[in-house]
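**Student:** Here's a structure for you.
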Amino acid sequence: PTLIGLSALTFVFFSQRLCALLEIIVRQSATLREVGEFAFAIIPNLLTFTIPLAVLVGILTGFGRISSDSEAIAFRAAGISMKRLLRPVMLLAILAWIITLKLTLWIKPQTTAHLRELESALALKQVSLELKPRVFNENLANFVLYVQDVAANGGEWHGIMLADMTTPNDPHVTFAKSGTLVANEENHTFDLMLADSTTSFASSQSPNINQTSAVQSNTISLPMPAAPPVSSKPSTTEMASQELWNRMSAGSATYEEHVEFQSRLALPFACLA
């Protein structure tokens, strides 16, 4: 009953995340490997809740069946005490406690950090795929982008024209032979690294004067709308348990860090309660 309950509960909890997985497949054209990594990164977080629930369901189902079939009376008649019946139940609860404790203290923080990295990588892929070649793309704030060709990997562009309209009276237009899109997690933007670029700009005060500058390489930051904010430091759920303990011992832990560490210890004990 415990294994059946664990499978059923995990499937129910996992089905709530199917919408996110389907969105990744459809919008971001994720490969089967990326979908698998995303799914396996979610499962440890689900198991921390489903394992204690499965133990409870298994115990209630097992003892309920024993009671309904009058097997408890048969056990007593055969000289088998209830303490002896509780031994396998306690072994199951202790085993579930050890597994859940390992998940909450070590595995879950690592998979949560890996999940954030996957989401950031998929966001970069989504931006590359949503860029249509040979079309003036105006979905970027204060920028108009035109790309002649996009490589198969989506991160390399050829024949680039970028109009910077941040200052409408002084527009800057950049032409480049090729460019590469890379993620800049520190500034929460995507950097377009241009090769063989030429920038032309004219001032509204002197419209007849057009200035041009040519450089071998140039980097322009683009505020991609699909880029999620990526924190420079891991969130509380991603922090290692040893780091949380050290911060608590030093007295520098925040309230959220105290709650996170206590929850990592409390959830496994639900198997024994």
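Following the order of the structure tokens, chains are lettered A, B, ..., residues in each are numbered from 1, and ligands are numbered from 1.
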If you run DSSP on the backbone, which residues of stretch 95-167 of chain A are strand (DSSP E or B), as an NGL selection string?
**Tutor:** :A and (137-140 or 143-150 or 156-164)
**Student:** Among stretch 65-271 of chain A, which residues does DSSP mark as alpha helix (DSSP H) when it is run on the backbone? Keep the chain and numbering as in the structure and answer as a compact mmCIF listing (two decimals) with C-alpha atoms, in the first residue's frame.
**Tutor:**
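This is the output file out-v4.txt:
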```
# COMPACT_ATOMS: atom_id res chain seq x y z
CA ARG A 65 -7.44 -4.15 6.38
CA ILE A 66 -6.22 -6.13 9.40
CA SER A 67 -9.06 -4.74 11.50
CA SER A 68 -11.77 -5.30 8.88
CA GLU A 71 -6.84 -10.62 11.46
CA ALA A 72 -5.86 -8.84 14.66
CA ILE A 73 -7.89 -11.39 16.64
CA ALA A 74 -6.20 -14.22 14.76
CA PHE A 75 -2.77 -12.78 15.55
CA ARG A 76 -3.58 -12.58 19.25
CA ALA A 77 -4.93 -16.12 19.21
CA MET A 82 0.90 -5.99 18.71
CA LYS A 83 4.46 -4.95 19.54
CA ARG A 84 5.71 -7.62 17.16
CA LEU A 85 3.36 -6.32 14.46
CA LEU A 86 4.71 -2.83 14.95
CA ARG A 87 8.30 -3.85 14.18
CA PRO A 88 7.97 -3.85 10.37
CA VAL A 89 5.93 -0.65 10.60
CA MET A 90 8.68 1.07 12.58
CA LEU A 91 11.33 -0.22 10.15
CA LEU A 92 9.33 1.23 7.25
CA ALA A 93 8.91 4.56 9.06
CA ILE A 94 12.62 4.77 9.94
CA LEU A 95 13.64 3.94 6.37
CA ALA A 96 11.27 6.60 5.01
CA TRP A 97 12.64 9.07 7.58
CA ILE A 98 16.25 8.45 6.48
CA ILE A 99 15.38 8.83 2.78
CA THR A 100 13.33 12.00 3.33
CA LEU A 101 16.03 13.48 5.59
CA LYS A 102 18.65 12.91 2.89
CA LYS A 108 16.70 19.03 -2.68
CA PRO A 109 18.94 22.16 -2.40
CA GLN A 110 21.16 20.89 -5.22
CA THR A 111 18.25 20.07 -7.53
CA THR A 112 16.60 23.43 -6.78
CA ALA A 113 19.77 25.25 -7.83
CA HIS A 114 20.01 23.05 -10.93
CA LEU A 115 16.39 23.85 -11.76
CA ARG A 116 17.13 27.58 -11.67
CA GLU A 117 20.07 27.07 -14.04
CA LEU A 118 17.85 25.10 -16.43
CA GLU A 119 15.22 27.83 -16.43
CA SER A 120 17.87 30.46 -17.18
CA ALA A 121 19.30 28.37 -20.04
CA LEU A 122 15.84 27.73 -21.47
CA ALA A 123 15.04 31.44 -21.26
CA LEU A 124 18.10 32.19 -23.41
CA LYS A 125 16.97 29.55 -25.89
CA GLN A 126 13.46 30.99 -25.98
CA VAL A 127 14.75 34.47 -26.83
CA SER A 128 16.83 33.09 -29.66
CA LEU A 129 13.94 31.12 -31.08
CA GLU A 130 11.42 33.97 -30.88
CA SER A 241 22.23 22.78 4.92
CA GLN A 242 25.76 23.12 6.29
CA GLU A 243 25.83 26.77 5.25
CA LEU A 244 22.49 27.40 6.93
CA TRP A 245 23.73 25.73 10.11
CA ASN A 246 26.92 27.80 10.11
CA ARG A 247 24.94 31.02 9.70
CA MET A 248 22.58 30.02 12.51
CA SER A 249 25.50 29.17 14.79
CA ALA A 250 27.14 32.51 14.03
CA TYR A 255 14.22 34.58 9.75
CA GLU A 256 13.65 32.88 6.39
CA GLU A 257 16.86 30.87 6.79
CA HIS A 258 15.76 29.70 10.26
CA VAL A 259 12.39 28.62 8.86
CA GLU A 260 14.01 26.84 5.90
CA PHE A 261 16.42 24.85 8.10
CA GLN A 262 13.71 23.88 10.59
CA SER A 263 11.40 22.77 7.78
CA ARG A 264 14.15 20.53 6.37
CA LEU A 265 14.27 18.75 9.72
CA ALA A 266 10.52 18.77 10.42
CA LEU A 267 9.31 17.19 7.18
CA PRO A 268 11.25 13.91 7.62
CA PHE A 269 9.95 13.51 11.19
```
**Student:** Would you mind reading off the distance between atom CA of A:Arg134 and atom CA of A:Ser197, one decimal, in Å?
**Tutor:**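 Answer for the atom CA of A:Arg134 to atom CA of A:Ser197 separation: 18.4 Å.
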**Student:** Compile the contact shell of stretch 143-153 of chain A as an MDAnalysis selection string: residues with an atom at most 7 Å away, counting only C-alpha atoms, same-chain residues fewer than 5 positions apart removed.
**Tutor:** chainID A and resid 133:138 158:165
**Student:** Which value, in Å to one decimal, gives the distance between atom CA of A:Leu53 and atom CA of A:Thr2?
**Tutor:**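 Atom-to-atom, atom CA of A:Leu53 and atom CA of A:Thr2 are spaced 8.9 Å apart.
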**Student:** Which residue is closest to A:Ser221? Choose from A:Gly251, A:Val182, A:Gly79, A:Ala8 and count only C-alpha atoms.
**Tutor:** A:Val182
**Student:** At what distance in Å, to one decimal, does atom CA of A:Leu21 lie from atom CA of A:Pro223?
**Tutor:**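 According to the coordinates, atom CA of A:Pro223 and atom CA of A:Leu21 are separated by 25.2 Å.
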